[in-house]
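See below for model.pdb, which holds PDB, C-alpha atoms.
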ATOM      1  CA  MET A 226     116.632  80.884 119.488
ATOM      2  CA  PHE A 227     114.266  81.547 116.627
ATOM      3  CA  PRO A 228     111.674  78.837 115.813
ATOM      4  CA  ARG A 229     112.300  76.635 112.809
ATOM      5  CA  THR A 230     110.420  74.882 110.047
ATOM      6  CA  THR A 231     111.353  72.430 107.291
ATOM      7  CA  VAL A 232     111.695  72.926 103.536
ATOM      8  CA  GLY A 233     112.252  69.799 101.481
ATOM      9  CA  GLY A 234     113.687  68.017 104.520
ATOM     10  CA  LEU A 235     116.041  70.890 105.359
ATOM     11  CA  SER A 236     115.628  72.701 108.687
ATOM     12  CA  VAL A 237     115.446  76.485 108.220
ATOM     13  CA  SER A 238     114.645  79.404 110.515
ATOM     14  CA  ARG A 239     111.123  80.839 110.307
ATOM     15  CA  MET A 240     112.667  84.279 109.957
ATOM     16  CA  ILE A 241     114.747  84.719 106.817
ATOM     17  CA  ALA A 242     117.289  87.496 106.427
ATOM     18  CA  GLY A 243     116.255  89.493 103.390
ATOM     19  CA  THR A 244     118.702  91.537 101.336
ATOM     20  CA  ASN A 245     116.860  94.307  99.486
ATOM     21  CA  TRP A 246     118.191  96.821 102.008
ATOM     22  CA  ILE A 247     121.687  95.484 101.460
ATOM     23  CA  ALA A 248     121.651  95.152  97.683
ATOM     24  CA  GLY A 249     120.012  98.509  96.982
ATOM     25  CA  TYR A 250     116.451  97.550  96.074
ATOM     26  CA  SER A 251     114.549  99.992  98.296
ATOM     27  CA  HIS A 252     111.209 100.063  96.439
ATOM     28  CA  ARG A 253     111.170 103.744  97.440
ATOM     29  CA  SER A 254     113.425 106.000  95.356
ATOM     30  CA  SER A 255     116.697 106.121  93.477
ATOM     31  CA  SER A 256     118.184 108.185  96.306
ATOM     32  CA  ALA A 257     117.254 105.453  98.798
ATOM     33  CA  ASP A 258     118.756 102.836  96.470
ATOM     34  CA  ASN A 259     121.965 104.840  96.306
ATOM     35  CA  MET A 260     122.056 105.342 100.081
ATOM     36  CA  ILE A 261     121.892 101.570 100.539
ATOM     37  CA  LYS A 262     124.584 100.912  97.949
ATOM     38  CA  GLU A 263     126.904 103.475  99.529
ATOM     39  CA  ARG A 264     126.415 101.959 102.983
ATOM     40  CA  HIS A 265     126.792  98.372 101.818
ATOM     41  CA  SER A 266     129.227  98.559  98.940
ATOM     42  CA  THR A 267     131.429  95.835 100.447
ATOM     43  CA  ALA A 268     130.958  92.672 102.467
ATOM     44  CA  LYS A 269     132.528  94.236 105.565
ATOM     45  CA  SER A 270     129.494  96.382 106.394
ATOM     46  CA  ILE A 271     127.080  93.447 106.052
ATOM     47  CA  VAL A 272     128.825  90.901 108.262
ATOM     48  CA  PRO A 273     127.733  92.394 111.649
ATOM     49  CA  MET A 274     124.099  92.131 110.544
ATOM     50  CA  PHE A 275     124.485  88.483 109.599
ATOM     51  CA  GLU A 276     126.271  87.837 112.894
ATOM     52  CA  THR A 277     123.277  89.324 114.726
ATOM     53  CA  PHE A 278     120.885  87.063 112.854
ATOM     54  CA  LEU A 279     123.030  83.999 113.512
ATOM     55  CA  SER A 280     123.295  84.810 117.224
ATOM     56  CA  LYS A 281     119.525  84.271 117.508
ATOM     57  CA  GLY A 282     119.338  81.228 115.267
ATOM     58  CA  VAL A 283     118.214  83.067 112.137
ATOM     59  CA  ASP A 284     120.522  81.159 109.836
ATOM     60  CA  THR A 285     118.621  81.453 106.553
ATOM     61  CA  VAL A 286     119.291  84.233 104.031
ATOM     62  CA  MET A 287     117.566  85.037 100.732
ATOM     63  CA  ALA A 288     119.070  86.966  97.813
ATOM     64  CA  PRO A 289     119.641  86.979  94.072
ATOM     65  CA  PHE A 290     123.209  86.026  94.925
ATOM     66  CA  GLY A 291     124.472  85.915  91.346
ATOM     67  CA  SER A 292     124.133  89.672  90.933
ATOM     68  CA  ASN A 293     125.400  90.447  94.441
ATOM     69  CA  PRO A 294     128.791  88.769  94.996
ATOM     70  CA  HIS A 295     129.558  90.997  98.010
ATOM     71  CA  ILE A 296     126.567  89.472  99.809
ATOM     72  CA  VAL A 297     127.905  85.980  99.092
ATOM     73  CA  GLU A 298     131.244  87.067 100.541
ATOM     74  CA  ALA A 299     129.494  88.479 103.618
ATOM     75  CA  VAL A 300     127.652  85.199 104.174
ATOM     76  CA  HIS A 301     130.882  83.219 104.156
ATOM     77  CA  LEU A 302     132.684  85.724 106.398
ATOM     78  CA  ALA A 303     129.838  85.570 108.925
ATOM     79  CA  GLU A 304     129.925  81.788 108.798
ATOM     80  CA  GLU A 305     133.630  81.828 109.628
ATOM     81  CA  LYS A 306     133.236  84.314 112.488
ATOM     82  CA  CYS A 307     130.233  82.553 114.044
ATOM     83  CA  GLU A 308     131.451  79.041 113.228
ATOM     84  CA  ARG A 309     128.070  77.969 111.912
ATOM     85  CA  PRO A 310     126.645  77.779 108.388
ATOM     86  CA  MET A 311     124.043  80.012 106.811
ATOM     87  CA  ILE A 312     121.419  78.497 104.541
ATOM     88  CA  MET A 313     121.469  80.384 101.263
ATOM     89  CA  VAL A 314     118.152  80.715  99.424
ATOM     90  CA  ASP A 315     118.937  81.864  95.901
ATOM     91  CA  THR A 316     116.463  83.497  93.497
ATOM     92  CA  PRO A 317     118.246  83.484  90.143
ATOM     93  CA  VAL A 318     116.844  84.981  86.964
ATOM     94  CA  ILE A 319     117.134  82.311  84.271
ATOM     95  CA  ASN A 320     116.613  82.280  80.519
ATOM     96  CA  VAL A 321     113.361  80.384  79.926
ATOM     97  CA  ASP A 322     113.237  80.686  76.130
ATOM     98  CA  ASP A 323     112.212  77.400  74.519
ATOM     99  CA  ASN A 324     115.375  76.475  72.658
ATOM    100  CA  ALA A 325     118.511  74.468  73.321
ATOM    101  CA  ALA A 326     120.814  77.465  73.791
ATOM    102  CA  ALA A 327     118.500  79.043  76.366
ATOM    103  CA  ARG A 328     118.159  75.779  78.286
ATOM    104  CA  ALA A 329     121.941  75.417  78.382
ATOM    105  CA  GLU A 330     122.214  78.987  79.687
ATOM    106  CA  ALA A 331     119.582  78.310  82.354
ATOM    107  CA  GLU A 332     121.356  75.151  83.465
ATOM    108  CA  ALA A 333     124.672  77.000  83.706
ATOM    109  CA  THR A 334     123.035  79.707  85.862
ATOM    110  CA  ILE A 335     121.580  77.074  88.176
ATOM    111  CA  LYS A 336     124.910  75.270  88.499
ATOM    112  CA  GLU A 337     126.555  78.578  89.419
ATOM    113  CA  SER A 338     123.987  78.971  92.184
ATOM    114  CA  ALA A 339     124.932  75.587  93.615
ATOM    115  CA  ALA A 340     128.644  76.356  93.315
ATOM    116  CA  ARG A 341     128.150  79.485  95.453
ATOM    117  CA  GLY A 342     126.766  77.289  98.224
ATOM    118  CA  SER A 343     123.014  77.732  97.827
ATOM    119  CA  LYS A 344     120.863  74.999  99.368
ATOM    120  CA  ILE A 345     117.480  76.186  98.073
ATOM    121  CA  CYS A 346     116.939  77.631  94.610
ATOM    122  CA  LEU A 347     113.709  79.429  93.742
ATOM    123  CA  ILE A 348     113.233  80.453  90.124
ATOM    124  CA  HIS A 349     112.853  84.237  90.093
ATOM    125  CA  HIS A 350     109.318  85.456  89.490
ATOM    126  CA  TYR A 351     110.430  87.377  86.379
ATOM    127  CA  SER A 352     111.416  84.071  84.779
ATOM    128  CA  ALA A 353     108.688  81.861  86.233
ATOM    129  CA  GLU A 354     105.824  84.151  85.233
ATOM    130  CA  GLN A 355     106.865  83.937  81.582
ATOM    131  CA  LEU A 356     105.867  80.260  81.706
ATOM    132  CA  VAL A 357     102.342  80.750  83.083
ATOM    133  CA  ASN A 358      99.332  79.762  80.996
ATOM    134  CA  LYS A 359      96.304  81.031  82.911
ATOM    135  CA  ASN A 360      93.871  79.497  80.423
ATOM    136  CA  LYS A 361      95.244  75.985  80.988
ATOM    137  CA  ARG A 362      96.200  76.643  84.638
ATOM    138  CA  GLN A 363      99.709  75.412  83.903
ATOM    139  CA  ILE A 364     103.324  76.556  84.271
ATOM    140  CA  THR A 365     104.803  75.341  81.003
ATOM    141  CA  ARG A 366     108.125  73.478  81.183
ATOM    142  CA  LEU A 367     108.582  74.252  84.864
ATOM    143  CA  ASP A 368     109.683  70.670  85.528
ATOM    144  CA  ASP A 369     112.602  71.161  83.120
ATOM    145  CA  TYR A 370     114.048  73.768  85.468
ATOM    146  CA  THR A 371     113.209  72.119  88.770
ATOM    147  CA  LYS A 372     115.002  69.006  87.490
ATOM    148  CA  MET A 373     118.060  71.148  86.752
ATOM    149  CA  ILE A 374     117.908  72.404  90.339
ATOM    150  CA  ARG A 375     117.604  68.860  91.717
ATOM    151  CA  ASP A 376     120.445  67.659  89.520
ATOM    152  CA  ALA A 377     122.622  70.486  90.867
ATOM    153  CA  GLY A 378     121.998  69.241  94.423
ATOM    154  CA  MET A 379     119.605  71.982  95.550
ATOM    155  CA  ILE A 380     115.996  72.059  96.753
ATOM    156  CA  PRO A 381     113.669  73.554  94.099
ATOM    157  CA  GLY A 382     111.239  76.362  94.805
ATOM    158  CA  LEU A 383     109.216  78.968  92.991
ATOM    159  CA  SER A 384     109.110  82.727  93.474
ATOM    160  CA  ALA A 385     105.416  83.422  93.046
ATOM    161  CA  HIS A 386     104.732  87.142  93.075
ATOM    162  CA  MET A 387     101.767  86.203  90.903
ATOM    163  CA  PRO A 388      99.717  84.231  93.475
ATOM    164  CA  GLU A 389      98.245  81.943  90.813
ATOM    165  CA  LEU A 390     101.640  80.250  90.556
ATOM    166  CA  VAL A 391     101.078  78.649  93.961
ATOM    167  CA  LEU A 392      97.668  77.370  92.887
ATOM    168  CA  PHE A 393      98.812  76.063  89.506
ATOM    169  CA  SER A 394     101.916  74.422  90.944
ATOM    170  CA  ASP A 395      99.930  72.617  93.629
ATOM    171  CA  GLU A 396      97.233  71.552  91.162
ATOM    172  CA  ASN A 397      99.759  70.057  88.739
ATOM    173  CA  GLY A 398     102.069  68.506  91.322
ATOM    174  CA  TYR A 399     105.218  70.210  90.073
ATOM    175  CA  ASP A 400     108.449  69.381  91.888
ATOM    176  CA  VAL A 401     108.419  72.475  94.082
ATOM    177  CA  GLU A 402     109.227  72.354  97.812
ATOM    178  CA  THR A 403     108.525  75.973  98.781
ATOM    179  CA  TYR A 404     107.103  79.226  97.468
ATOM    180  CA  ILE A 405     107.954  82.899  97.789
ATOM    181  CA  GLN A 406     104.846  85.072  98.087
ATOM    182  CA  ILE A 407     104.478  88.820  98.676
ATOM    183  CA  TYR A 408     102.400  89.282 101.830
ATOM    184  CA  ASN A 409     101.969  92.324 104.046
ATOM    185  CA  CYS A 410      99.293  94.247 105.914
ATOM    186  CA  MET A 411      99.399  97.115 103.391
ATOM    187  CA  GLY A 412      98.749  95.021 100.306
ATOM    188  CA  PHE A 413     101.961  96.510  98.890
ATOM    189  CA  LEU A 414     102.852  94.983  95.487
ATOM    190  CA  MET A 415     100.251  92.241  96.037
ATOM    191  CA  GLN A 416      98.327  91.448  92.861
ATOM    192  CA  VAL A 417      95.039  90.593  94.598
ATOM    193  CA  GLU A 418      93.436  91.384  97.954
ATOM    194  CA  ILE A 419      95.231  90.532 101.178
ATOM    195  CA  GLU A 420      92.459  88.133 102.179
ATOM    196  CA  ALA A 421      92.839  86.174  98.943
ATOM    197  CA  VAL A 422      96.600  85.810  99.334
ATOM    198  CA  ALA A 423      96.173  84.796 102.980
ATOM    199  CA  ALA A 424      93.831  82.009 101.885
ATOM    200  CA  ILE A 425      96.284  80.859  99.198
ATOM    201  CA  ILE A 426      99.133  80.726 101.715
ATOM    202  CA  ARG A 427      97.047  78.798 104.226
ATOM    203  CA  SER A 428      96.000  76.206 101.650
ATOM    204  CA  ALA A 429      99.417  75.839  99.958
ATOM    205  CA  LYS A 430     100.725  72.281  99.908
ATOM    206  CA  LYS A 431     104.267  73.433 100.690
ATOM    207  CA  PRO A 432     105.737  75.983 103.144
ATOM    208  CA  VAL A 433     105.611  79.590 101.994
ATOM    209  CA  MET A 434     108.380  82.178 102.371
ATOM    210  CA  THR A 435     106.519  85.477 102.710
ATOM    211  CA  ILE A 436     108.356  88.638 101.694
ATOM    212  CA  LYS A 437     108.022  92.420 102.123
ATOM    213  CA  PRO A 438     106.341  92.286 105.560
ATOM    214  CA  PHE A 439     107.044  96.006 106.116
ATOM    215  CA  ALA A 440     105.816  97.002 102.647
ATOM    216  CA  ALA A 441     109.252  98.512 101.953
ATOM    217  CA  GLY A 442     109.026 100.800 104.976
ATOM    218  CA  ARG A 443     105.382 101.775 104.548
ATOM    219  CA  THR A 444     104.500 100.144 107.850
ATOM    220  CA  THR A 445     106.515  99.568 111.028
ATOM    221  CA  PRO A 446     108.177  96.285 112.033
ATOM    222  CA  PHE A 447     105.820  96.012 115.034
ATOM    223  CA  VAL A 448     102.722  96.176 112.838
ATOM    224  CA  GLY A 449     104.161  94.191 109.940
ATOM    225  CA  LEU A 450     105.601  91.310 111.944
ATOM    226  CA  ASN A 451     102.605  90.949 114.229
ATOM    227  CA  PHE A 452     100.323  90.784 111.183
ATOM    228  CA  SER A 453     102.470  88.295 109.315
ATOM    229  CA  PHE A 454     103.137  85.845 112.123
ATOM    230  CA  ALA A 455      99.510  86.002 113.293
ATOM    231  CA  THR A 456      98.099  85.090 109.884
ATOM    232  CA  ILE A 457     100.500  82.497 108.449
ATOM    233  CA  ARG A 458     100.962  78.853 109.431
ATOM    234  CA  ASP A 459     103.614  77.391 111.719
ATOM    235  CA  CYS A 460     105.396  75.951 108.678
ATOM    236  CA  ASP A 461     105.649  79.317 106.889
ATOM    237  CA  MET A 462     108.398  81.946 107.042
ATOM    238  CA  VAL A 463     108.794  85.732 107.036
ATOM    239  CA  THR A 464     111.650  87.363 105.129
ATOM    240  CA  VAL A 465     112.895  90.533 106.811
ATOM    241  CA  GLY A 466     115.098  93.144 105.212
ATOM    242  CA  CYS A 467     117.310  95.314 107.455
ATOM    243  CA  PHE A 468     119.708  98.202 106.943
ATOM    244  CA  ASN A 469     122.036  97.388 109.845
ATOM    245  CA  GLU A 470     122.599  95.080 112.804
ATOM    246  CA  ALA A 471     120.554  97.264 115.196
ATOM    247  CA  GLU A 472     117.495  96.904 112.985
ATOM    248  CA  ALA A 473     118.096  93.160 112.776
ATOM    249  CA  ALA A 474     118.157  92.868 116.575
ATOM    250  CA  GLU A 475     114.927  94.875 116.902
ATOM    251  CA  ASP A 476     113.141  92.851 114.251
ATOM    252  CA  ILE A 477     114.148  89.562 115.838
ATOM    253  CA  GLU A 478     112.851  90.699 119.241
ATOM    254  CA  ILE A 479     109.585  92.011 117.779
ATOM    255  CA  ALA A 480     109.045  88.749 115.866
ATOM    256  CA  LEU A 481     109.799  86.575 118.894
ATOM    257  CA  ALA A 482     107.398  88.671 120.971
ATOM    258  CA  ALA A 483     104.708  88.290 118.315
ATOM    259  CA  LEU A 484     105.119  84.515 118.344
ATOM    260  CA  GLU A 485     105.160  84.393 122.142
ATOM    261  CA  ARG A 486     102.171  86.759 122.489
ATOM    262  CA  ARG A 487     104.016  89.302 124.618
ATOM    263  CA  ALA A 488     105.214  92.875 124.342
ATOM    264  CA  PRO A 489     108.628  93.302 122.693
ATOM    265  CA  VAL A 490     111.474  94.595 124.812
ATOM    266  CA  ILE A 491     112.728  97.448 122.645
ATOM    267  CA  GLN A 492     113.531 101.126 123.074
ATOM    268  CA  GLY A 493     110.910 103.711 122.221
ATOM    269  CA  ARG A 494     111.331 106.115 119.343
ATOM    270  CA  ASN A 495     112.767 109.578 119.844
ATOM    271  CA  SER A 496     110.523 112.592 120.369
ATOM    272  CA  PRO A 497     111.122 116.279 121.199
ATOM    273  CA  ALA A 498     108.814 115.788 124.211
ATOM    274  CA  LYS A 499     109.639 112.407 125.704
ATOM    275  CA  ASN A 500     107.637 113.031 128.879
ATOM    276  CA  GLN A 501     104.296 112.739 127.098
ATOM    277  CA  ALA A 502     102.188 110.110 128.825
ATOM    278  CA  VAL A 503     101.326 108.355 125.574
ATOM    279  CA  LEU A 504     105.017 107.784 124.872
ATOM    280  CA  GLN A 505     105.462 106.132 128.264
ATOM    281  CA  GLY A 506     102.663 103.636 127.918
ATOM    282  CA  GLY A 507     100.290 105.816 129.939
ATOM    283  CA  LYS A 508     102.451 105.703 133.063
TER     284      LYS A 508
END

Mind converting the file's structure to structure tokens?
Amino acid sequence: MFPRTTVGGLSVSRMIAGTNWIAGYSHRSSSADNMIKERHSTAKSIVPMFETFLSKGVDTVMAPFGSNPHIVEAVHLAEEKCERPMIMVDTPVINVDDNAAARAEAEATIKESAARGSKICLIHHYSAEQLVNKNKRQITRLDDYTKMIRDAGMIPGLSAHMPELVLFSDENGYDVETYIQIYNCMGFLMQVEIEAVAAIIRSAKKPVMTIKPFAAGRTTPFVGLNFSFATIRDCDMVTVGCFNEAEAAEDIEIALAALERRAPVIQGRNSPAKNQAVLQGGK
């Protein structure tokens, strides 16, 4: 079963099931987005993937659940079939305008997240980055929103695509139990060099949920997962997006092999000339 870590006292799997390749956020093209949406337009197509994750102890799933109700339905269907819960990590976009109406709207959004069953709530980077003051090294009014999350019965976190958010949050002691940070061997969507982000993750005061380990398909799972698990801490996590249950099974095996320092037991890729020595490991 997949190794685990702890976020705010809650045990979670070190692999997190990502949902970009379920929700239609390919980071590649509109045609790829549409292909995903056609394949996963209902909960039914997603459930086998979640069952595969659960079968290996990967019981944690991340999504902007509010805009993807079919994924919420798939989570609950998989829970029923496997007779074990999934830990929902929500990343809601909230209104962070500094007025009473906006705060009421933000609180309502956070309460909806809790009502769906989320255990961990990380303020989406789009919202969180609007609060950053780089000059003062502060995230203005962040505690207002983490208190709303606490009051709703969830564990607060911060989606930090901008890596400074991790630094500023730690420096100011904000009530944040975990971070999301983009991290991959390609530097894809990372705002500073890979080495700088690696150092930030390693020095973070709270566990980090890394995302986009395959750089949205720009590197292979073997390369991406070996890089990620070799360069993060034992308390940190890797969020893996898959298109179907077969990909989920492969990614789990590759990740376990990376952690166990062994070769993964997976099938080779197809080739018109399968008898080439290099495709048979030199045998």

**Request:** Can you turn the PyMOL selection byres ((chain A and resi 260) around 12) into a concrete residue list for this file, as JSON, numbers by chain?
**Result:** {"A": [246, 247, 248, 249, 250, 251, 253, 254, 255, 256, 257, 258, 259, 261, 262, 263, 264, 265, 266, 468]}

Atoms kept (C-alpha atoms) for selection, written as a JSON list (two decimals), keeping the file's coordinate frame:
[["chain", "number", "residue", "atom", "x", "y", "z"],
["A", 246, "TRP", "CA", 118.19, 96.82, 102.01],
["A", 247, "ILE", "CA", 121.69, 95.48, 101.46],
["A", 248, "ALA", "CA", 121.65, 95.15, 97.68],
["A", 249, "GLY", "CA", 120.01, 98.51, 96.98],
["A", 250, "TYR", "CA", 116.45, 97.55, 96.07],
["A", 251, "SER", "CA", 114.55, 99.99, 98.30],
["A", 253, "ARG", "CA", 111.17, 103.74, 97.44],
["A", 254, "SER", "CA", 113.42, 106.00, 95.36],
["A", 255, "SER", "CA", 116.70, 106.12, 93.48],
["A", 256, "SER", "CA", 118.18, 108.18, 96.31],
["A", 257, "ALA", "CA", 117.25, 105.45, 98.80],
["A", 258, "ASP", "CA", 118.76, 102.84, 96.47],
["A", 259, "ASN", "CA", 121.96, 104.84, 96.31],
["A", 261, "ILE", "CA", 121.89, 101.57, 100.54],
["A", 262, "LYS", "CA", 124.58, 100.91, 97.95],
["A", 263, "GLU", "CA", 126.90, 103.48, 99.53],
["A", 264, "ARG", "CA", 126.42, 101.96, 102.98],
["A", 265, "HIS", "CA", 126.79, 98.37, 101.82],
["A", 266, "SER", "CA", 129.23, 98.56, 98.94],
["A", 468, "PHE", "CA", 119.71, 98.20, 106.94]]

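One distance worth recording is that between atom CA of A:Arg375 and atom CA of A:Met287, which is 18.5 Å.
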
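Of the listed residues (A:Leu367, A:Cys307, A:Met411, A:Val300), A:Met411 comes nearest to A:Ala441; the distances count only C-alpha atoms.
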
**Prompt:** Residues at most 12 Å from A:Glu276, counting all atoms listed in the file, excluding those fewer than 6 positions away in the same chain, as number ranges by chain?
**Reply:** A: 242, 269-270, 282-286, 299-311, 469-471, 473-474

**Fill in**
Min atom-atom distance to A:Asp322 from the set A:Gln355, A:Thr403, A:Thr230, A:Ser236, counting all atoms listed in the file, belongs to A:Gln355

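When atom CA of A:His252 is paired with atom CA of A:Leu414, their separation reads 9.8 Å.
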
**Atom-to-atom span, atom CA of A:Ile380 and atom CA of A:Asn358, Å** = 24.2 Å

Give me the residues near A:Thr371 as a PDB file with C-alpha atoms, in the frame of the given file, where near means some atom within 10 Å (using all atoms listed in the file) and where sequence neighbours in that chain fewer than 5 positions away do not count.
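Printed below is part29.pdb as written:
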ATOM      1  CA  ILE A 335     121.580  77.074  88.176  1.00  0.00           C
ATOM      2  CA  CYS A 346     116.939  77.631  94.610  1.00  0.00           C
ATOM      3  CA  LEU A 347     113.709  79.429  93.742  1.00  0.00           C
ATOM      4  CA  ILE A 348     113.233  80.453  90.124  1.00  0.00           C
ATOM      5  CA  ARG A 366     108.125  73.478  81.183  1.00  0.00           C
ATOM      6  CA  ASP A 376     120.445  67.659  89.520  1.00  0.00           C
ATOM      7  CA  ALA A 377     122.622  70.486  90.867  1.00  0.00           C
ATOM      8  CA  MET A 379     119.605  71.982  95.550  1.00  0.00           C
ATOM      9  CA  ILE A 380     115.996  72.059  96.753  1.00  0.00           C
ATOM     10  CA  PRO A 381     113.669  73.554  94.099  1.00  0.00           C
ATOM     11  CA  GLY A 382     111.239  76.362  94.805  1.00  0.00           C
ATOM     12  CA  LEU A 383     109.216  78.968  92.991  1.00  0.00           C
ATOM     13  CA  TYR A 399     105.218  70.210  90.073  1.00  0.00           C
ATOM     14  CA  ASP A 400     108.449  69.381  91.888  1.00  0.00           C
ATOM     15  CA  VAL A 401     108.419  72.475  94.082  1.00  0.00           C
ATOM     16  CA  GLU A 402     109.227  72.354  97.812  1.00  0.00           C
TER      17      GLU A 402
END

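The residues returned by the PyMOL selection byres ((chain A and resi 424) around 12) on the shown structure are A:Pro388, A:Glu389, A:Val391, A:Leu392, A:Tyr408, A:Val417, A:Glu418, A:Ile419, A:Glu420, A:Ala421, A:Val422, A:Ala423, A:Ile425, A:Ile426, A:Arg427, A:Ser428, A:Ala429, A:Thr456, A:Ile457, A:Arg458.
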
Starting from the incomplete input, reconstruct N, CA, C and O atoms of stretch 288-305 of chain A and report them as a short mmCIF file (atom, residue, chain, number, x, y, z; two decimals), in the coordinates of the input.
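part.cif, freshly written:
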data_model
loop_
_atom_site.label_atom_id
_atom_site.label_comp_id
_atom_site.auth_asym_id
_atom_site.auth_seq_id
_atom_site.Cartn_x
_atom_site.Cartn_y
_atom_site.Cartn_z
N ALA A 288 118.55 85.91 98.69
CA ALA A 288 119.07 86.97 97.81
C ALA A 288 119.16 86.44 96.38
O ALA A 288 119.25 85.22 96.17
N PRO A 289 119.18 87.35 95.41
CA PRO A 289 119.64 86.98 94.07
C PRO A 289 121.17 87.04 94.09
O PRO A 289 121.79 88.03 93.72
N PHE A 290 121.78 86.00 94.61
CA PHE A 290 123.21 86.03 94.92
C PHE A 290 124.09 86.25 93.70
O PHE A 290 125.17 86.84 93.80
N GLY A 291 123.65 85.80 92.54
CA GLY A 291 124.47 85.92 91.35
C GLY A 291 124.80 87.34 90.98
O GLY A 291 125.88 87.62 90.44
N SER A 292 123.90 88.27 91.26
CA SER A 292 124.13 89.67 90.93
C SER A 292 124.65 90.47 92.12
O SER A 292 124.79 91.69 92.04
N ASN A 293 124.93 89.77 93.23
CA ASN A 293 125.40 90.45 94.44
C ASN A 293 126.53 89.65 95.09
O ASN A 293 126.38 89.11 96.19
N PRO A 294 127.69 89.58 94.45
CA PRO A 294 128.79 88.77 95.00
C PRO A 294 129.28 89.23 96.37
O PRO A 294 129.78 88.42 97.15
N HIS A 295 129.11 90.53 96.70
CA HIS A 295 129.56 91.00 98.01
C HIS A 295 128.69 90.43 99.13
O HIS A 295 129.15 90.25 100.25
N ILE A 296 127.43 90.10 98.81
CA ILE A 296 126.57 89.47 99.81
C ILE A 296 127.00 88.03 100.02
O ILE A 296 127.01 87.53 101.15
N VAL A 297 127.37 87.34 98.96
CA VAL A 297 127.90 85.98 99.09
C VAL A 297 129.15 86.00 99.97
O VAL A 297 129.29 85.16 100.88
N GLU A 298 130.03 86.95 99.73
CA GLU A 298 131.24 87.07 100.54
C GLU A 298 130.89 87.32 102.00
O GLU A 298 131.50 86.73 102.92
N ALA A 299 129.91 88.17 102.24
CA ALA A 299 129.49 88.48 103.62
C ALA A 299 128.94 87.25 104.32
O ALA A 299 129.19 87.04 105.51
N VAL A 300 128.18 86.45 103.60
CA VAL A 300 127.65 85.20 104.17
C VAL A 300 128.80 84.32 104.65
O VAL A 300 128.81 83.84 105.79
N HIS A 301 129.78 84.12 103.81
CA HIS A 301 130.88 83.22 104.16
C HIS A 301 131.76 83.79 105.27
O HIS A 301 132.26 83.05 106.13
N LEU A 302 131.93 85.10 105.31
CA LEU A 302 132.68 85.72 106.40
C LEU A 302 131.94 85.56 107.73
O LEU A 302 132.56 85.28 108.76
N ALA A 303 130.63 85.74 107.70
CA ALA A 303 129.84 85.57 108.92
C ALA A 303 129.87 84.12 109.39
O ALA A 303 129.93 83.84 110.60
N GLU A 304 129.83 83.21 108.44
CA GLU A 304 129.93 81.79 108.80
C GLU A 304 131.24 81.49 109.52
O GLU A 304 131.27 80.77 110.53
N GLU A 305 132.32 82.05 109.01
CA GLU A 305 133.63 81.83 109.63
C GLU A 305 133.69 82.42 111.03
O GLU A 305 134.19 81.79 111.97
#
